[in-house]
Amino acid sequence: MTVLVLGGAGYIGSHTVDQLVNGGYDVAVVDNLVTGHTEAVNPAARLYVGDVRDKEFMRTVFTKENVEGVVHFAAFSVVPESMQDPLKYFDNNTAGMIHLLEVMNEFGVKNIVFSSTAATYGEPKQIPIKETDPQIPTNPYGESKLAMEKIMHWSDLAYGIKFVALRYFNVAGAKPDGSIGEDHNPETHLIPIILQVAEGKRDKLQIFGDDYPTPDGTNVRDYVHVLDLADAHILALKYLAAGNESNAFNLGSATGFSNLQILDAARQATGKEIPAEMAPRRPGDPSTLIASSDKAREILGWKPNYDDVEKIIGTAWTWHETHPDGYSSK
Ligand code: UDP
């Protein structure tokens, strides 16, 4: 039996594929390589290059592979881009989910673990955020993922396809040996941008907004190591394989760090000066996102190994130092 990982050549997907392979799973990967990298995929996994929205292609994959469970990462995930081009997000992310569930239903595949996001909550009603809190996204990216959660809910009731939605907070870090890591083009995320400044590839960091209602005025986020996130997907697969009901879990550390605190931690982790300046707010950014992940800890038995943001940044720094041009570094 095989785990099919959609988007397995991307940042979180490739780390999860690696953990699955190391955990003894047989793994197949689908990725259209629009944002993914062939080199990121553990060579023990079979890579099929194609698009989740292409049902004929997906049928060939499901015909060849004896799929036991699906882990679905394949999505666009850049908040500012989603504000400018929402239909791109609803087409790729939301419509992609419809096509995927149709094919899973045709082939009788009943389990899916899904990358959802803290962005489905929007501006939180309370901190830390609980799974039962209102989901009112402030950007099309979050809306596209919330729609995917709802589509899975109704597909469970109608077709018995069980799902686990994992609502990620901010993901960071890399496999500590530096062999795989985060490589987006263009890069928009805070920690890799800070590390590009540390490497000298950018002049300075721009911090988007210092007038938020937070202790130092900059946004507060909850950072989780990518390998801890990968572990949660494997626990979710086991949870579904054991016959449990569909469910949603937050994945975060329950600790918030402001953008200025992250800059400070990166200066410590890299030993570099890292010039920075304040810049206007970025549209669509909630001020503070911190997860309660008690539910994942209690029900899935999730125990994150990384609780120190400087160590998390340190693993990303190893990747940046060994791959200054990402996967094209040879
Ligand atoms: N951010 C920033 N400068 C950058 C990139 C990001 O100040 O060049 C801020 C962003 O406004 C947010 C935080 O860093 O407050 C985390 O943003 P990121 O895009 O990494 O993740 P998000 O929270 O949007 O998922």
# chains A, B, ... in the order shown; residues from 1 in each chain; ligands from 1
$ residues_near_ligand --ligand "ligand 1" --cutoff "6 Å" --atoms "only C-alpha atoms and all ligand atoms" --output "number ranges by chain"
A: 170, 188-190, 193, 205-208, 219, 259, 282
$ residues_around --residues "Pro213 (chain A)" --least-positions-apart "6" --cutoff "10 Å" --atoms "only C-alpha atoms" --output "MDAnalysis selection string"
chainID A and resid 219:220 287:288
$ closest_atom_pairs --of "region 146-263 of chain A" --to "region 85-103 of chain A" --cutoff "9 Å" --atoms "only C-alpha atoms" --output "Markdown table"
| residue | atom | partner | partner_atom | distance |
| --- | --- | --- | --- | --- |
| A:Leu146 | CA | A:Thr94 | CA | 8.9 |
| A:Ala147 | CA | A:Thr94 | CA | 6.5 |
| A:Met148 | CA | A:Thr94 | CA | 5.5 |
| A:Ile151 | CA | A:Ile98 | CA | 7.4 |
| A:Met152 | CA | A:Leu101 | CA | 8.0 |
| A:Ser155 | CA | A:Leu101 | CA | 7.7 |
| A:Ile161 | CA | A:Leu101 | CA | 8.2 |
$ write_last_selection --atoms "N, CA and C atoms" --output "compact mmCIF listing (two decimals), in the first residue's frame"
# COMPACT_ATOMS: atom_id res chain seq x y z
N LEU A 146 -10.31 27.42 3.18
CA LEU A 146 -11.52 27.18 3.97
C LEU A 146 -12.56 26.47 3.10
N ALA A 147 -12.68 26.92 1.85
CA ALA A 147 -13.61 26.25 0.92
C ALA A 147 -13.22 24.79 0.74
N MET A 148 -11.93 24.52 0.68
CA MET A 148 -11.46 23.12 0.53
C MET A 148 -11.86 22.29 1.75
N ILE A 151 -15.56 21.57 1.40
CA ILE A 151 -15.80 20.58 0.34
C ILE A 151 -15.48 19.17 0.88
N MET A 152 -14.43 19.06 1.66
CA MET A 152 -14.10 17.75 2.25
C MET A 152 -15.16 17.31 3.24
N SER A 155 -18.07 16.02 1.35
CA SER A 155 -17.70 14.78 0.64
C SER A 155 -17.60 13.62 1.61
N ILE A 161 -15.51 9.86 2.42
CA ILE A 161 -14.06 10.14 2.35
C ILE A 161 -13.67 10.89 3.63
$ residues_around --residues "region 130-135 of chain A" --least-positions-apart "3" --cutoff "7 Å" --atoms "only C-alpha atoms" --output "list of chain:residue names"
A:Thr120, A:Tyr121, A:Gly122, A:Ala248, A:Phe249, A:Asn250, A:Ala291, A:Ser292
$ write_last_selection --atoms "all heavy atoms" --output "compact mmCIF listing (two decimals), in the first residue's frame"
# COMPACT_ATOMS: atom_id res chain seq x y z
N THR A 120 -7.24 30.49 7.56
CA THR A 120 -8.70 30.27 7.50
C THR A 120 -9.40 31.00 8.65
O THR A 120 -10.61 31.22 8.58
CB THR A 120 -9.08 28.77 7.56
OG1 THR A 120 -8.61 28.23 8.79
CG2 THR A 120 -8.50 28.00 6.38
N TYR A 121 -8.66 31.36 9.72
CA TYR A 121 -9.31 32.02 10.85
C TYR A 121 -9.46 33.53 10.63
O TYR A 121 -10.30 34.16 11.26
CB TYR A 121 -8.50 31.81 12.14
CG TYR A 121 -8.50 30.37 12.62
CD1 TYR A 121 -7.34 29.59 12.53
CD2 TYR A 121 -9.64 29.79 13.14
CE1 TYR A 121 -7.33 28.28 12.97
CE2 TYR A 121 -9.64 28.47 13.58
CZ TYR A 121 -8.48 27.73 13.49
OH TYR A 121 -8.47 26.42 13.92
N GLY A 122 -8.59 34.11 9.81
CA GLY A 122 -8.61 35.56 9.66
C GLY A 122 -8.12 36.25 10.93
O GLY A 122 -7.24 35.73 11.63
N ALA A 248 -10.13 18.32 12.44
CA ALA A 248 -9.22 19.43 12.10
C ALA A 248 -8.35 19.74 13.31
O ALA A 248 -8.83 19.70 14.45
CB ALA A 248 -10.02 20.67 11.71
N PHE A 249 -7.08 20.01 13.05
CA PHE A 249 -6.13 20.27 14.14
C PHE A 249 -5.26 21.48 13.80
O PHE A 249 -4.75 21.57 12.68
CB PHE A 249 -5.18 19.08 14.32
CG PHE A 249 -5.87 17.79 14.67
CD1 PHE A 249 -6.20 16.88 13.66
CD2 PHE A 249 -6.21 17.49 15.98
CE1 PHE A 249 -6.85 15.69 13.97
CE2 PHE A 249 -6.85 16.30 16.30
CZ PHE A 249 -7.17 15.40 15.29
N ASN A 250 -5.05 22.34 14.79
CA ASN A 250 -4.04 23.39 14.65
C ASN A 250 -2.66 22.80 14.88
O ASN A 250 -2.48 21.96 15.77
CB ASN A 250 -4.24 24.46 15.74
CG ASN A 250 -5.47 25.32 15.50
OD1 ASN A 250 -6.00 25.38 14.40
ND2 ASN A 250 -5.91 25.99 16.55
N ALA A 291 -1.34 29.63 17.87
CA ALA A 291 -2.21 28.45 17.90
C ALA A 291 -2.32 27.88 19.30
O ALA A 291 -1.33 27.84 20.03
CB ALA A 291 -1.63 27.37 17.01
N SER A 292 -3.51 27.37 19.61
CA SER A 292 -3.56 26.34 20.63
C SER A 292 -3.43 25.03 19.88
O SER A 292 -4.25 24.73 19.00
CB SER A 292 -4.91 26.37 21.37
OG SER A 292 -5.07 25.13 22.02
$ select_by_dssp --residues "region 20-88 of chain A" --states "strand (DSSP E)" --output "PyMOL selection string"
chain A and resi 26-31+46-49+67-72
$ closest_residue --among "A:Ile312, A:Pro286, A:Ala198, A:Ala265" --to "Val224 (chain A)" --atoms "only C-alpha atoms"
A:Ile312
$ decode --residues "region 271-285 of chain A" --atoms "all heavy atoms" --output "mmCIF file, in the first residue's frame"
data_model
loop_
_atom_site.group_PDB
_atom_site.id
_atom_site.type_symbol
_atom_site.label_atom_id
_atom_site.label_comp_id
_atom_site.auth_asym_id
_atom_site.auth_seq_id
_atom_site.Cartn_x
_atom_site.Cartn_y
_atom_site.Cartn_z
ATOM 1 N N GLY A 271 24.947 34.997 13.370
ATOM 2 C CA GLY A 271 26.107 35.837 13.695
ATOM 3 C C GLY A 271 26.288 36.984 12.705
ATOM 4 O O GLY A 271 27.356 37.599 12.637
ATOM 5 N N LYS A 272 25.245 37.300 11.929
ATOM 6 C CA LYS A 272 25.344 38.385 10.927
ATOM 7 C C LYS A 272 24.531 39.592 11.391
ATOM 8 O O LYS A 272 23.571 39.452 12.152
ATOM 9 C CB LYS A 272 24.782 37.913 9.578
ATOM 10 C CG LYS A 272 25.411 36.652 9.056
ATOM 11 C CD LYS A 272 26.662 36.950 8.267
ATOM 12 C CE LYS A 272 27.248 35.646 7.753
ATOM 13 N NZ LYS A 272 28.525 35.841 7.087
ATOM 14 N N GLU A 273 24.869 40.740 10.836
ATOM 15 C CA GLU A 273 24.236 41.984 11.282
ATOM 16 C C GLU A 273 22.780 42.089 10.805
ATOM 17 O O GLU A 273 21.887 42.482 11.545
ATOM 18 C CB GLU A 273 25.068 43.163 10.766
ATOM 19 C CG GLU A 273 24.667 44.480 11.348
ATOM 20 C CD GLU A 273 25.179 45.641 10.509
ATOM 21 O OE1 GLU A 273 26.167 45.433 9.760
ATOM 22 O OE2 GLU A 273 24.585 46.726 10.574
ATOM 23 N N ILE A 274 22.500 41.791 9.555
ATOM 24 C CA ILE A 274 21.157 41.772 8.934
ATOM 25 C C ILE A 274 20.459 43.143 9.039
ATOM 26 O O ILE A 274 19.600 43.373 9.907
ATOM 27 C CB ILE A 274 20.245 40.649 9.497
ATOM 28 C CG1 ILE A 274 21.023 39.322 9.584
ATOM 29 C CG2 ILE A 274 18.976 40.506 8.656
ATOM 30 C CD1 ILE A 274 20.207 38.130 10.061
ATOM 31 N N PRO A 275 20.809 44.053 8.141
ATOM 32 C CA PRO A 275 20.147 45.365 8.141
ATOM 33 C C PRO A 275 18.644 45.247 7.900
ATOM 34 O O PRO A 275 18.204 44.372 7.142
ATOM 35 C CB PRO A 275 20.806 46.108 6.968
ATOM 36 C CG PRO A 275 21.991 45.310 6.577
ATOM 37 C CD PRO A 275 21.798 43.911 7.070
ATOM 38 N N ALA A 276 17.868 46.127 8.558
ATOM 39 C CA ALA A 276 16.406 46.088 8.426
ATOM 40 C C ALA A 276 15.848 47.495 8.513
ATOM 41 O O ALA A 276 16.455 48.373 9.137
ATOM 42 C CB ALA A 276 15.810 45.221 9.525
ATOM 43 N N GLU A 277 14.684 47.699 7.874
ATOM 44 C CA GLU A 277 13.990 48.991 7.990
ATOM 45 C C GLU A 277 12.494 48.743 8.084
ATOM 46 O O GLU A 277 12.011 47.693 7.652
ATOM 47 C CB GLU A 277 14.303 49.876 6.770
ATOM 48 C CG GLU A 277 13.712 49.319 5.481
ATOM 49 C CD GLU A 277 14.003 50.179 4.248
ATOM 50 O OE1 GLU A 277 14.897 51.030 4.309
ATOM 51 O OE2 GLU A 277 13.316 49.962 3.229
ATOM 52 N N MET A 278 11.786 49.712 8.647
ATOM 53 C CA MET A 278 10.326 49.593 8.716
ATOM 54 C C MET A 278 9.716 49.975 7.368
ATOM 55 O O MET A 278 10.227 50.843 6.666
ATOM 56 C CB MET A 278 9.779 50.500 9.817
ATOM 57 C CG MET A 278 10.108 49.997 11.189
ATOM 58 S SD MET A 278 9.445 48.332 11.464
ATOM 59 C CE MET A 278 10.370 47.877 12.938
ATOM 60 N N ALA A 279 8.626 49.301 7.029
ATOM 61 C CA ALA A 279 7.934 49.556 5.764
ATOM 62 C C ALA A 279 6.425 49.523 6.055
ATOM 63 O O ALA A 279 6.015 49.093 7.140
ATOM 64 C CB ALA A 279 8.325 48.487 4.744
ATOM 65 N N PRO A 280 5.597 49.977 5.099
ATOM 66 C CA PRO A 280 4.153 49.973 5.348
ATOM 67 C C PRO A 280 3.605 48.568 5.562
ATOM 68 O O PRO A 280 4.219 47.582 5.155
ATOM 69 C CB PRO A 280 3.563 50.579 4.066
ATOM 70 C CG PRO A 280 4.686 51.267 3.401
ATOM 71 C CD PRO A 280 5.946 50.580 3.812
ATOM 72 N N ARG A 281 2.416 48.502 6.166
ATOM 73 C CA ARG A 281 1.731 47.219 6.357
ATOM 74 C C ARG A 281 1.523 46.509 5.030
ATOM 75 O O ARG A 281 1.359 47.172 3.995
ATOM 76 C CB ARG A 281 0.341 47.455 6.955
ATOM 77 C CG ARG A 281 0.349 47.849 8.404
ATOM 78 C CD ARG A 281 -1.091 47.934 8.884
ATOM 79 N NE ARG A 281 -1.160 48.237 10.315
ATOM 80 C CZ ARG A 281 -2.237 48.002 11.075
ATOM 81 N NH1 ARG A 281 -3.329 47.486 10.531
ATOM 82 N NH2 ARG A 281 -2.230 48.292 12.357
ATOM 83 N N ARG A 282 1.500 45.179 5.069
ATOM 84 C CA ARG A 282 1.197 44.378 3.880
ATOM 85 C C ARG A 282 -0.299 44.030 3.928
ATOM 86 O O ARG A 282 -0.767 43.518 4.948
ATOM 87 C CB ARG A 282 2.052 43.102 3.942
ATOM 88 C CG ARG A 282 1.996 42.234 2.737
ATOM 89 C CD ARG A 282 2.978 41.083 2.853
ATOM 90 N NE ARG A 282 2.565 40.083 3.842
ATOM 91 C CZ ARG A 282 3.174 38.920 4.031
ATOM 92 N NH1 ARG A 282 4.257 38.616 3.320
ATOM 93 N NH2 ARG A 282 2.749 38.060 4.920
ATOM 94 N N PRO A 283 -1.051 44.312 2.857
ATOM 95 C CA PRO A 283 -2.493 44.033 2.902
ATOM 96 C C PRO A 283 -2.786 42.562 3.215
ATOM 97 O O PRO A 283 -2.097 41.668 2.728
ATOM 98 C CB PRO A 283 -2.974 44.372 1.481
ATOM 99 C CG PRO A 283 -1.919 45.230 0.894
ATOM 100 C CD PRO A 283 -0.626 44.857 1.559
ATOM 101 N N GLY A 284 -3.806 42.336 4.044
ATOM 102 C CA GLY A 284 -4.246 40.965 4.327
ATOM 103 C C GLY A 284 -3.590 40.328 5.533
ATOM 104 O O GLY A 284 -3.931 39.208 5.893
ATOM 105 N N ASP A 285 -2.623 41.019 6.183
ATOM 106 C CA ASP A 285 -1.906 40.446 7.337
ATOM 107 C C ASP A 285 -2.698 40.632 8.636
ATOM 108 O O ASP A 285 -2.881 41.770 9.082
ATOM 109 C CB ASP A 285 -0.558 41.165 7.542
ATOM 110 C CG ASP A 285 0.582 40.506 6.807
ATOM 111 O OD1 ASP A 285 0.450 39.334 6.420
ATOM 112 O OD2 ASP A 285 1.624 41.173 6.647
#
